[in-house]
>>> print(open('protein-v2.txt').read())   # compact mmCIF, C-alpha atoms
# COMPACT_ATOMS: atom_id res chain seq x y z
CA MET A 1 97.81 -7.29 39.42
CA ALA A 2 96.28 -3.84 39.95
CA LYS A 3 96.97 -2.31 43.35
CA ILE A 4 94.90 0.50 44.82
CA LEU A 5 97.10 3.08 46.54
CA LYS A 6 94.22 5.41 47.43
CA HIS A 7 90.60 4.41 47.96
CA GLY A 8 87.40 6.41 47.60
CA ILE A 9 84.13 5.77 49.42
CA SER A 10 82.74 2.24 49.42
CA GLU A 11 80.19 0.93 46.93
CA GLN A 12 77.67 0.60 49.78
CA GLN A 13 78.06 4.27 50.71
CA ALA A 14 77.51 5.25 47.10
CA LEU A 15 74.42 2.99 46.93
CA ASP A 16 72.95 4.52 50.08
CA ALA A 17 73.35 8.00 48.61
CA SER A 18 71.66 6.91 45.38
CA THR A 19 68.67 5.51 47.27
CA LYS A 20 68.07 8.84 49.01
CA VAL A 21 68.28 10.68 45.69
CA ARG A 22 65.76 8.33 44.09
CA THR A 23 63.14 8.96 46.76
CA VAL A 24 63.47 12.75 46.59
CA VAL A 25 63.13 12.73 42.80
CA GLU A 26 60.07 10.47 42.87
CA ASP A 27 58.29 12.92 45.16
CA ILE A 28 59.17 15.94 43.03
CA LEU A 29 58.00 14.35 39.77
CA ARG A 30 54.77 13.21 41.39
CA GLY A 31 54.13 16.76 42.56
CA ILE A 32 54.69 18.20 39.07
CA THR A 33 52.37 15.60 37.56
CA GLU A 34 49.62 16.44 40.05
CA ASN A 35 50.05 20.20 40.50
CA GLY A 36 51.98 21.49 37.47
CA ASP A 37 53.12 25.10 37.61
CA ALA A 38 52.20 25.50 41.26
CA HIS A 39 54.58 22.77 42.35
CA VAL A 40 57.34 24.06 40.05
CA ARG A 41 57.03 27.49 41.67
CA GLU A 42 57.00 26.01 45.15
CA LEU A 43 60.23 24.13 44.46
CA SER A 44 61.89 27.13 42.82
CA GLU A 45 61.12 29.24 45.86
CA LYS A 46 62.37 26.51 48.19
CA PHE A 47 65.63 25.63 46.46
CA ASP A 48 66.57 28.81 44.56
CA ASN A 49 64.61 31.54 46.35
CA TRP A 50 63.34 32.42 42.88
CA SER A 51 59.73 33.21 41.97
CA PRO A 52 59.43 35.63 39.03
CA ALA A 53 56.14 36.57 37.41
CA SER A 54 57.05 34.22 34.55
CA PHE A 55 59.80 31.61 34.41
CA ARG A 56 59.93 32.06 30.64
CA LEU A 57 62.15 34.99 29.69
CA SER A 58 60.74 37.61 27.35
CA GLU A 59 62.63 38.84 24.30
CA GLN A 60 63.34 42.05 26.22
CA GLU A 61 64.82 40.12 29.15
CA ILE A 62 66.93 38.01 26.79
CA GLN A 63 68.22 41.08 24.98
CA ALA A 64 69.05 42.78 28.28
CA CYS A 65 71.19 39.78 29.24
CA MET A 66 73.03 39.94 25.93
CA ASP A 67 73.52 43.69 26.16
CA SER A 68 75.11 43.30 29.59
CA LEU A 69 77.98 41.22 28.20
CA ASP A 70 81.15 42.69 26.75
CA THR A 71 82.13 42.13 23.12
CA GLN A 72 84.92 39.67 23.95
CA THR A 73 82.60 37.44 25.97
CA LEU A 74 80.05 37.31 23.15
CA HIS A 75 82.83 36.58 20.67
CA ASP A 76 84.16 33.75 22.83
CA ILE A 77 80.69 32.20 23.09
CA GLN A 78 80.22 32.46 19.33
CA PHE A 79 83.65 30.92 18.68
CA ALA A 80 82.86 27.93 20.89
CA GLN A 81 79.45 27.47 19.26
CA GLU A 82 81.03 27.57 15.81
CA GLN A 83 83.32 24.67 16.77
CA VAL A 84 80.40 22.64 18.16
CA ARG A 85 78.22 23.32 15.12
CA ASN A 86 80.99 22.45 12.72
CA PHE A 87 81.64 19.06 14.29
CA ALA A 88 77.89 18.37 14.62
CA LYS A 89 77.46 19.11 10.90
CA ILE A 90 80.28 16.69 10.08
CA GLN A 91 78.55 14.04 12.17
CA LEU A 92 75.20 14.78 10.52
CA ASP A 93 76.76 14.33 7.09
CA SER A 94 77.79 10.81 8.12
CA MET A 95 74.12 9.88 8.61
CA GLN A 96 72.62 9.17 5.22
CA ASN A 97 69.16 8.20 4.08
CA VAL A 98 69.26 4.87 2.23
CA GLU A 99 67.00 3.16 -0.30
CA VAL A 100 68.00 -0.09 -2.00
CA GLU A 101 66.39 -2.89 -3.97
CA THR A 102 67.39 -5.92 -1.89
CA ARG A 103 65.64 -8.45 -4.18
CA PRO A 104 63.83 -7.95 -7.48
CA GLY A 105 60.85 -5.77 -6.64
CA VAL A 106 61.70 -5.37 -2.94
CA VAL A 107 62.72 -1.83 -1.98
CA LEU A 108 63.86 -1.14 1.59
CA GLY A 109 65.05 2.12 3.04
CA HIS A 110 65.44 4.32 6.05
CA LYS A 111 64.97 8.02 6.66
CA GLN A 112 66.76 10.18 9.20
CA ILE A 113 63.99 12.19 10.89
CA PRO A 114 64.66 14.82 13.58
CA VAL A 115 62.50 14.61 16.69
CA ASN A 116 59.96 17.42 16.90
CA SER A 117 60.84 18.94 20.27
CA VAL A 118 63.72 18.86 22.73
CA GLY A 119 64.22 20.22 26.23
CA CYS A 120 67.78 21.19 27.10
CA TYR A 121 68.91 21.45 30.71
CA ILE A 122 71.85 23.77 31.36
CA PRO A 123 73.26 23.43 34.91
CA GLY A 124 74.06 26.70 36.65
CA GLY A 125 73.68 26.46 40.39
CA LYS A 126 77.27 26.11 41.61
CA TYR A 127 78.94 27.07 38.33
CA PRO A 128 77.21 28.70 35.34
CA LEU A 129 77.86 26.04 32.71
CA VAL A 130 77.59 28.25 29.64
CA ALA A 131 79.11 25.55 27.44
CA SER A 132 76.17 23.19 28.03
CA ALA A 133 74.00 25.50 25.93
CA HIS A 134 76.29 24.99 22.95
CA MET A 135 76.41 21.25 23.42
CA SER A 136 72.65 20.74 23.62
CA VAL A 137 70.81 23.60 21.93
CA ALA A 138 73.20 24.18 19.02
CA THR A 139 73.54 20.45 18.33
CA ALA A 140 69.75 19.96 18.35
CA LYS A 141 69.34 22.79 15.87
CA VAL A 142 71.98 21.31 13.55
CA ALA A 143 69.94 18.08 13.66
CA GLY A 144 66.87 19.99 12.48
CA VAL A 145 64.74 19.94 15.64
CA LYS A 146 61.83 22.38 15.18
CA ARG A 147 61.25 23.33 18.84
CA VAL A 148 64.14 23.54 21.26
CA ILE A 149 63.50 24.87 24.76
CA ALA A 150 66.17 25.49 27.35
CA CYS A 151 66.18 25.81 31.13
CA ALA A 152 68.87 27.02 33.52
CA PRO A 153 68.59 27.94 37.19
CA PRO A 154 69.10 31.50 38.42
CA PHE A 155 72.66 32.43 39.36
CA ASN A 156 73.13 34.83 42.26
CA GLY A 157 69.41 35.61 42.25
CA ALA A 158 68.89 36.37 38.55
CA PRO A 159 69.13 34.81 35.10
CA MET A 160 72.81 34.28 34.31
CA PRO A 161 73.48 36.62 31.33
CA ALA A 162 76.15 34.49 29.66
CA ILE A 163 73.98 31.35 29.80
CA VAL A 164 70.98 33.24 28.43
CA ALA A 165 73.10 34.69 25.63
CA ALA A 166 74.50 31.26 24.80
CA MET A 167 70.99 29.77 24.67
CA LYS A 168 69.82 32.54 22.36
CA LEU A 169 72.84 32.43 20.07
CA ALA A 170 72.57 28.63 19.90
CA GLY A 171 69.00 28.95 18.61
CA ALA A 172 66.71 28.17 21.56
CA ASP A 173 63.05 28.84 20.76
CA GLU A 174 61.98 29.23 24.40
CA ILE A 175 64.22 30.15 27.34
CA TYR A 176 63.27 29.55 30.97
CA CYS A 177 64.98 30.47 34.20
CA PHE A 178 64.50 27.71 36.75
CA GLY A 179 66.52 24.63 37.48
CA GLY A 180 66.93 21.28 39.13
CA VAL A 181 64.55 18.34 38.96
CA GLN A 182 61.64 20.76 38.63
CA ALA A 183 63.03 22.05 35.33
CA VAL A 184 63.63 18.61 33.90
CA GLY A 185 60.24 17.41 35.11
CA ALA A 186 58.37 20.44 33.75
CA MET A 187 59.94 20.09 30.30
CA ALA A 188 59.27 16.35 30.15
CA LEU A 189 55.81 16.20 31.70
CA GLY A 190 54.51 19.62 30.73
CA THR A 191 52.59 22.09 32.87
CA GLU A 192 49.82 24.61 32.25
CA THR A 193 52.35 27.00 30.69
CA ILE A 194 55.01 24.68 29.25
CA ALA A 195 54.21 22.24 26.46
CA PRO A 196 55.99 18.92 27.01
CA VAL A 197 58.89 17.87 24.80
CA ASP A 198 59.83 14.57 23.19
CA VAL A 199 63.43 14.34 24.41
CA ILE A 200 65.34 15.70 27.43
CA VAL A 201 69.09 16.28 27.18
CA GLY A 202 71.86 17.84 29.20
CA PRO A 203 74.14 17.10 32.14
CA GLY A 204 73.41 17.75 35.80
CA ASN A 205 73.93 16.60 39.35
CA ALA A 206 72.81 13.26 40.76
CA PHE A 207 69.23 14.51 41.17
CA VAL A 208 68.96 15.65 37.54
CA ALA A 209 70.42 12.35 36.31
CA GLU A 210 67.95 10.40 38.46
CA ALA A 211 65.06 12.52 37.14
CA LYS A 212 66.04 11.64 33.59
CA ARG A 213 66.26 7.96 34.52
CA GLN A 214 62.75 8.00 36.01
CA LEU A 215 61.32 9.94 33.07
CA PHE A 216 62.82 7.71 30.39
CA GLY A 217 60.01 6.04 28.49
CA ARG A 218 57.63 8.94 28.88
CA VAL A 219 60.23 10.93 27.00
CA GLY A 220 63.52 10.07 25.37
CA ILE A 221 66.76 11.04 27.05
CA ASP A 222 70.26 11.49 25.73
CA LEU A 223 71.96 9.45 28.47
CA LEU A 224 72.46 9.39 32.22
CA ALA A 225 75.03 12.14 32.67
CA GLY A 226 75.52 12.57 36.38
CA PRO A 227 78.46 13.90 38.41
CA THR A 228 81.61 14.31 36.35
CA GLU A 229 84.13 11.47 36.25
CA THR A 230 87.72 11.77 35.11
CA LEU A 231 90.38 9.12 34.65
CA ILE A 232 94.03 9.96 34.04
CA ILE A 233 96.01 7.16 32.41
CA ALA A 234 99.67 8.05 32.72
CA ASP A 235 103.23 6.84 32.73
CA GLU A 236 106.46 8.64 33.57
CA ILE A 237 107.28 9.28 29.92
CA GLY A 238 103.97 10.88 28.94
CA CYS A 239 103.15 12.75 32.14
CA ASP A 240 104.51 14.35 35.28
CA ALA A 241 103.03 14.85 38.73
CA GLU A 242 102.16 18.52 38.22
CA MET A 243 100.15 17.82 35.08
CA ALA A 244 98.42 14.76 36.53
CA ALA A 245 97.42 16.60 39.69
CA THR A 246 96.24 19.67 37.77
CA ASP A 247 94.05 17.58 35.49
CA LEU A 248 92.61 15.51 38.35
CA LEU A 249 91.65 18.59 40.37
CA GLY A 250 90.47 20.38 37.24
CA GLN A 251 87.58 17.92 37.07
CA ALA A 252 87.18 17.19 40.79
CA GLU A 253 86.12 20.83 41.23
CA HIS A 254 82.83 20.05 39.44
CA GLY A 255 81.32 18.80 42.68
CA PRO A 256 82.03 17.07 45.99
CA ASN A 257 80.98 13.71 44.51
CA SER A 258 83.00 13.90 41.28
CA PRO A 259 85.35 10.90 41.00
CA ALA A 260 88.93 11.56 39.84
CA VAL A 261 91.24 8.60 39.33
CA LEU A 262 94.90 8.21 38.42
CA LEU A 263 95.72 4.93 36.68
CA THR A 264 99.44 4.38 36.19
CA ASN A 265 102.18 1.80 35.86
CA SER A 266 104.62 3.99 37.80
CA GLU A 267 104.59 4.01 41.60
CA PRO A 268 106.95 7.03 41.75
CA LEU A 269 104.51 8.99 39.57
CA ALA A 270 101.59 7.83 41.75
CA GLN A 271 103.24 8.92 44.97
CA ALA A 272 104.43 12.22 43.50
CA THR A 273 100.96 12.98 42.14
CA MET A 274 99.28 12.42 45.50
CA ALA A 275 101.76 14.80 47.12
CA GLU A 276 101.24 17.33 44.33
CA VAL A 277 97.46 17.18 44.74
CA ASP A 278 97.88 18.10 48.39
CA ARG A 279 100.19 20.96 47.45
CA GLN A 280 97.85 22.38 44.80
CA LEU A 281 94.86 22.18 47.14
CA GLU A 282 96.59 24.72 49.36
CA THR A 283 96.15 27.44 46.70
CA LEU A 284 93.36 26.28 44.36
CA GLU A 285 90.39 28.66 44.52
CA THR A 286 87.93 25.78 44.31
CA ALA A 287 89.81 23.65 46.85
CA ALA A 288 86.79 23.32 49.17
CA VAL A 289 84.91 21.37 46.50
CA ALA A 290 87.81 19.70 44.71
CA GLY A 291 89.43 18.67 47.98
CA GLN A 292 86.29 16.97 49.23
CA ALA A 293 85.84 15.16 45.92
CA TRP A 294 89.45 13.98 45.98
CA ARG A 295 89.19 12.88 49.62
CA ASP A 296 85.94 10.93 49.17
CA TYR A 297 86.01 9.83 45.54
CA GLY A 298 89.63 10.11 44.40
CA GLN A 299 91.61 6.95 43.69
CA VAL A 300 95.12 6.03 42.63
CA ILE A 301 95.52 2.63 40.97
CA LEU A 302 98.86 1.05 40.13
CA CYS A 303 99.11 -1.48 37.29
CA ASP A 304 101.89 -3.66 35.90
CA SER A 305 101.35 -3.08 32.18
CA TYR A 306 99.49 -1.18 29.48
CA ALA A 307 97.27 -4.23 28.97
CA GLU A 308 96.26 -4.25 32.63
CA MET A 309 95.64 -0.50 32.49
CA VAL A 310 93.25 -1.03 29.57
CA GLN A 311 91.42 -3.75 31.50
CA VAL A 312 91.01 -1.57 34.60
CA ALA A 313 89.99 1.46 32.52
CA ASP A 314 87.35 -0.55 30.66
CA ASP A 315 86.01 -1.89 33.97
CA LEU A 316 85.72 1.68 35.29
CA ALA A 317 84.06 2.84 32.02
CA TYR A 318 84.62 6.49 32.92
CA GLU A 319 83.21 9.58 31.31
CA HIS A 320 86.49 11.41 30.59
CA VAL A 321 89.71 9.53 29.96
CA GLN A 322 92.95 11.44 29.52
CA VAL A 323 95.79 9.35 28.14
CA MET A 324 99.24 10.76 28.83
CA THR A 325 101.58 7.89 28.08
CA LYS A 326 104.44 7.12 25.72
CA ASP A 327 101.93 5.56 23.30
CA PRO A 328 98.44 7.11 23.64
CA ASP A 329 97.24 5.44 20.45
CA TYR A 330 97.58 2.03 22.15
CA PHE A 331 94.64 3.02 24.34
CA LEU A 332 92.65 4.41 21.42
CA ALA A 333 93.09 1.08 19.63
CA ASN A 334 92.34 -1.14 22.61
CA MET A 335 89.90 0.60 24.97
CA THR A 336 86.19 -0.02 24.46
CA ASN A 337 84.43 1.69 27.40
CA PHE A 338 84.79 5.47 27.67
CA GLY A 339 82.79 8.62 27.11
CA ALA A 340 85.57 10.60 25.44
CA LEU A 341 89.30 10.12 25.03
CA PHE A 342 91.84 12.92 25.28
CA LEU A 343 95.05 11.68 23.71
CA GLY A 344 98.39 13.13 24.72
CA ARG A 345 99.49 15.75 27.21
CA GLU A 346 98.76 18.57 24.74
CA THR A 347 94.99 18.26 25.20
CA ASN A 348 92.80 17.95 28.29
CA VAL A 349 89.21 17.56 29.42
CA ALA A 350 88.68 21.31 29.75
CA TYR A 351 89.14 21.69 25.99
CA GLY A 352 86.34 19.20 25.43
CA ASP A 353 84.19 20.73 28.17
CA LYS A 354 84.30 24.24 26.80
CA VAL A 355 85.39 24.86 23.25
CA ILE A 356 87.08 22.33 20.98
CA GLY A 357 83.89 21.02 19.35
CA THR A 358 83.29 17.51 20.65
CA ASN A 359 80.26 17.25 22.91
CA HIS A 360 80.74 17.40 26.68
CA THR A 361 77.53 15.61 27.66
CA LEU A 362 78.93 12.13 28.23
CA PRO A 363 77.98 8.85 29.95
CA THR A 364 78.73 8.35 33.66
CA ASN A 365 78.12 5.56 36.18
CA LYS A 366 79.43 2.91 33.78
CA ALA A 367 76.93 3.83 31.05
CA ALA A 368 79.91 4.03 28.65
CA ARG A 369 79.60 0.24 28.46
CA TYR A 370 76.54 0.65 26.24
CA THR A 371 76.34 4.23 24.94
CA GLY A 372 78.43 7.10 23.74
CA GLY A 373 77.82 10.74 24.53
CA LEU A 374 75.41 13.33 23.22
CA TRP A 375 75.78 13.95 19.49
CA VAL A 376 73.65 15.09 16.60
CA GLY A 377 72.36 11.54 16.10
CA LYS A 378 70.65 11.58 19.51
CA PHE A 379 68.13 14.03 18.07
CA ILE A 380 67.39 11.93 15.00
CA LYS A 381 65.22 8.86 14.54
CA THR A 382 66.33 6.33 11.92
CA CYS A 383 62.99 5.08 10.60
CA THR A 384 62.62 2.28 8.07
CA TYR A 385 60.15 1.86 5.20
CA GLN A 386 59.44 -0.71 2.47
CA ARG A 387 57.64 -1.07 -0.83
CA VAL A 388 57.25 -4.15 -3.07
CA THR A 389 55.95 -5.02 -6.53
CA PRO A 390 53.10 -7.52 -6.98
CA ALA A 391 55.51 -10.27 -8.09
CA ALA A 392 57.79 -9.64 -5.11
CA SER A 393 54.78 -9.69 -2.78
CA VAL A 394 54.02 -13.22 -3.94
CA GLU A 395 57.57 -14.43 -3.32
CA ILE A 396 57.89 -12.79 0.09
CA GLY A 397 54.30 -13.72 0.97
CA GLU A 398 54.85 -17.44 0.47
CA TYR A 399 57.85 -17.40 2.79
CA CYS A 400 55.97 -15.24 5.28
CA SER A 401 52.95 -17.55 5.28
CA ARG A 402 55.01 -20.59 6.19
CA LEU A 403 56.99 -18.72 8.85
CA CYS A 404 53.80 -17.37 10.44
CA ALA A 405 52.34 -20.88 10.57
CA LEU A 406 55.55 -22.05 12.25
CA GLU A 407 54.92 -19.56 15.04
CA GLY A 408 51.17 -20.07 15.26
CA PHE A 409 50.24 -16.55 14.10
CA ALA A 410 47.07 -17.19 12.10
CA GLY A 411 46.26 -13.52 11.58
CA HIS A 412 49.75 -12.76 10.32
CA LYS A 413 49.52 -15.74 7.96
CA ALA A 414 46.23 -14.44 6.61
CA GLN A 415 47.84 -11.12 5.72
CA ALA A 416 50.46 -12.92 3.65
CA ASP A 417 48.04 -15.41 2.11
CA LEU A 418 45.70 -12.65 0.93
CA ARG A 419 48.47 -10.99 -1.06
CA VAL A 420 49.73 -14.24 -2.51
CA LYS A 421 46.17 -14.96 -3.69
CA ARG A 422 45.63 -11.47 -5.06
CA TYR A 423 48.91 -11.05 -6.92
CA LYS A 424 49.98 -14.59 -7.94
CA ASN A 425 48.37 -14.37 -11.35
CA ALA A 426 48.45 -10.58 -11.70
>>> encode(input="protein-v2.txt", output="structure tokens")
Amino acid sequence: MAKILKHGISEQQALDASTKVRTVVEDILRGITENGDAHVRELSEKFDNWSPASFRLSEQEIQACMDSLDTQTLHDIQFAQEQVRNFAKIQLDSMQNVEVETRPGVVLGHKQIPVNSVGCYIPGGKYPLVASAHMSVATAKVAGVKRVIACAPPFNGAPMPAIVAAMKLAGADEIYCFGGVQAVGAMALGTETIAPVDVIVGPGNAFVAEAKRQLFGRVGIDLLAGPTETLIIADEIGCDAEMAATDLLGQAEHGPNSPAVLLTNSEPLAQATMAEVDRQLETLETAAVAGQAWRDYGQVILCDSYAEMVQVADDLAYEHVQVMTKDPDYFLANMTNFGALFLGRETNVAYGDKVIGTNHTLPTNKAARYTGGLWVGKFIKTCTYQRVTPAASVEIGEYCSRLCALEGFAGHKAQADLRVKRYKNA
């Protein structure tokens, strides 16, 4: 039976925090709906001390950001985007249009149609998440989206050059510098100066995730990607305390409410990892954030077997799952609820976050039970169509007529009966 060696905050504490977030977001979205640009500017001044003449960057401003970066930085951004595009293209190639004659004279099919417009949110308040531009903008463009706009908050009082460059190189059609719920709300709802989009994508803090949840229906969303979650599944053969602690803190540094969990069948490894976390926090540059996250949201769970570890991991349904065991493929074969798997000690979540090519916008808060992460297919609608011959219309119409009568749909039945009458002797 699983034994918890270290607890995080209680479910009730987490629920109380979520309730406060929900109320704040409701007020902000209502203000954008009623007052548009004016409310966006008010919020930008309040939260970011940022009120430029225009939130949309001009081509000159974009070029100035790119010119300020050294050649190596631009090359690194381009390398990462190449990996993301390549994998997105492979995924796109797996999505085929189909058309088939299912019965004589009955032709059914579907088309893969990109959405017309997408708004990409790139977080950048605490850390400038350059990689989020690759994951959202570049992937949307591979899908064939005609209009892709991107928003990121100012960083240290100005547009963050590397984020702006990444947006531009990824193919963004419009680039804006403002952030938070106001950015997500403005892209989704539209203002006097920003045309609304059809889909909102991108990660963010709890407020951004809640904004997307409240906006879903008025626009599409990729998924609810809130504070980062990481789960380390480890045994003594596949992992050691230094690596486990490094990888836990490497994700805990995202924010003070980022859960990091060690799931293991080895109590010596569990105890050694907790001690190693404390040791690393003494020197880690981001210890103030990572330490708080580990204190409040970190857990260590001890299991008896691989099977029990799979059960606990699926119950957690975490965003990132690193598997560092003797047999990582056991977890690939048996786990069903995860955002992304990182198999073996040779890889890690940072590779996925920044450069390897898989998308880093992934489900959190147990959403992995019903969805995967952002991918090229999130920007594409699979839309069906049908055509039939006169003879096939008679056959299908007779069945349809009887089935409509069974349900009491007289108008539906009339549609079928008309075609049976018209085409029976054609």
>>> residues_around(input="protein-v2.txt", residues="A:Ser258", least_positions_apart="6", cutoff="12 Å", atoms="all atoms listed in the file", output="ChimeraX atom specification")
/A:8-9,14,204-206,225-231,248-252,289-299,318-320,364-365
>>> residues_near_point(input="protein-v2.txt", point="(71.1, 34.7, 28.9)", cutoff="12 Å", atoms="only C-alpha atoms", output="ChimeraX atom specification")
/A:56-69,74,77,122,124,128-130,133,150-155,158-172,174-177
>>> atom_distance(input="protein-v2.txt", atom1="atom CA of A:Cys383", atom2="atom CA of A:Leu92")
15.6 Å
>>> residues_around(input="protein-v2.txt", residues="A:Lys326", least_positions_apart="2", cutoff="8 Å", atoms="all atoms listed in the file", output="list in words")
Asp235, Ile237, Gly238, Met324 and Pro328 of chain A
>>> closest_residue(input="protein-v2.txt", among="A:Ala260, A:Ala426, A:Ala270, A:Ala234", to="A:Lys3", atoms="all atoms listed in the file")
A:Ala270
>>> residues_around(input="protein-v2.txt", residues="A:Ile28", least_positions_apart="2", cutoff="12 Å", atoms="only C-alpha atoms", output="ChimeraX atom specification")
/A:21-26,30-36,38-44,180-186,189,207-208,210-211,214-215
>>> atom_distance(input="protein-v2.txt", atom1="atom CA of A:Pro196", atom2="atom CA of A:Ser136")
17.1 Å
>>> atom_distance(input="protein-v2.txt", atom1="atom CA of A:Leu108", atom2="atom CA of A:Lys413")
21.4 Å
>>> residues_near_point(input="protein-v2.txt", point="(81.4, 5.0, 22.8)", cutoff="10 Å", atoms="only C-alpha atoms", output="list in words")
Ala317, Glu319, Met335, Thr336, Asn337, Phe338, Gly339, Ala340, Leu341, Leu362, Pro363, Ala367, Ala368, Arg369, Tyr370, Thr371, Gly372 and Gly373 of chain A
>>> write_last_selection(input="protein-v2.txt", atoms="C-alpha atoms", output="PDB file, in the coordinates of the input")
ATOM      1  CA  ALA A 317      84.060   2.840  32.020  1.00  0.00           C
ATOM      2  CA  GLU A 319      83.210   9.580  31.310  1.00  0.00           C
ATOM      3  CA  MET A 335      89.900   0.600  24.970  1.00  0.00           C
ATOM      4  CA  THR A 336      86.190  -0.020  24.460  1.00  0.00           C
ATOM      5  CA  ASN A 337      84.430   1.690  27.400  1.00  0.00           C
ATOM      6  CA  PHE A 338      84.790   5.470  27.670  1.00  0.00           C
ATOM      7  CA  GLY A 339      82.790   8.620  27.110  1.00  0.00           C
ATOM      8  CA  ALA A 340      85.570  10.600  25.440  1.00  0.00           C
ATOM      9  CA  LEU A 341      89.300  10.120  25.030  1.00  0.00           C
ATOM     10  CA  LEU A 362      78.930  12.130  28.230  1.00  0.00           C
ATOM     11  CA  PRO A 363      77.980   8.850  29.950  1.00  0.00           C
ATOM     12  CA  ALA A 367      76.930   3.830  31.050  1.00  0.00           C
ATOM     13  CA  ALA A 368      79.910   4.030  28.650  1.00  0.00           C
ATOM     14  CA  ARG A 369      79.600   0.240  28.460  1.00  0.00           C
ATOM     15  CA  TYR A 370      76.540   0.650  26.240  1.00  0.00           C
ATOM     16  CA  THR A 371      76.340   4.230  24.940  1.00  0.00           C
ATOM     17  CA  GLY A 372      78.430   7.100  23.740  1.00  0.00           C
ATOM     18  CA  GLY A 373      77.820  10.740  24.530  1.00  0.00           C
TER      19      GLY A 373
END
>>> closest_residue(input="protein-v2.txt", among="A:Val355, A:Ala333, A:Met243, A:Leu418", to="A:Met135", atoms="only C-alpha atoms")
A:Val355
>>> residues_around(input="protein-v2.txt", residues="A:Gly109", least_positions_apart="3", cutoff="9 Å", atoms="all atoms listed in the file", output="JSON, numbers by chain")
{"A": [97, 98, 99, 100, 101, 383, 384, 385, 386, 387]}
>>> closest_residue(input="protein-v2.txt", among="A:Gly202, A:Pro114, A:Gly411, A:Gly217", to="A:Met95", atoms="all atoms listed in the file")
A:Pro114
>>> closest_residue(input="protein-v2.txt", among="A:Thr139, A:Ser117, A:Gln96, A:Thr73", to="A:Gly357", atoms="all atoms listed in the file")
A:Thr139
>>> closest_residue(input="protein-v2.txt", among="A:Asp327, A:Glu282, A:Glu267, A:Glu236", to="A:Val300", atoms="only C-alpha atoms")
A:Glu267
>>> decode(input="protein-v2.txt", residues="stretch 303-313 of chain A", atoms="N, CA, C and O atoms", output="short mmCIF file (atom, residue, chain, number, x, y, z; two decimals), in the first residue's frame")
data_model
loop_
_atom_site.label_atom_id
_atom_site.label_comp_id
_atom_site.auth_asym_id
_atom_site.auth_seq_id
_atom_site.Cartn_x
_atom_site.Cartn_y
_atom_site.Cartn_z
N CYS A 303 5.93 3.20 -2.69
CA CYS A 303 5.07 2.10 -3.13
C CYS A 303 5.78 0.76 -2.97
O CYS A 303 7.00 0.70 -2.83
N ASP A 304 5.00 -0.31 -3.08
CA ASP A 304 5.55 -1.65 -2.93
C ASP A 304 6.02 -2.27 -4.25
O ASP A 304 6.86 -3.16 -4.25
N SER A 305 5.43 -1.81 -5.37
CA SER A 305 5.70 -2.48 -6.64
C SER A 305 5.53 -1.53 -7.81
O SER A 305 4.98 -0.43 -7.67
N TYR A 306 6.01 -1.96 -8.97
CA TYR A 306 5.79 -1.20 -10.20
C TYR A 306 4.29 -1.02 -10.46
O TYR A 306 3.83 0.05 -10.86
N ALA A 307 3.52 -2.08 -10.24
CA ALA A 307 2.08 -2.00 -10.51
C ALA A 307 1.41 -0.94 -9.64
O ALA A 307 0.56 -0.18 -10.11
N GLU A 308 1.80 -0.88 -8.38
CA GLU A 308 1.24 0.14 -7.50
C GLU A 308 1.70 1.53 -7.91
O GLU A 308 0.94 2.50 -7.84
N MET A 309 2.94 1.64 -8.38
CA MET A 309 3.44 2.93 -8.86
C MET A 309 2.64 3.41 -10.06
O MET A 309 2.31 4.60 -10.17
N VAL A 310 2.29 2.50 -10.96
CA VAL A 310 1.45 2.87 -12.11
C VAL A 310 0.09 3.35 -11.64
O VAL A 310 -0.43 4.37 -12.13
N GLN A 311 -0.50 2.64 -10.67
CA GLN A 311 -1.82 3.04 -10.17
C GLN A 311 -1.78 4.44 -9.56
O GLN A 311 -2.65 5.28 -9.85
N VAL A 312 -0.78 4.71 -8.73
CA VAL A 312 -0.67 6.02 -8.09
C VAL A 312 -0.41 7.10 -9.15
O VAL A 312 -1.00 8.18 -9.11
N ALA A 313 0.47 6.80 -10.10
CA ALA A 313 0.79 7.78 -11.14
C ALA A 313 -0.44 8.11 -11.97
O ALA A 313 -0.67 9.28 -12.31
#
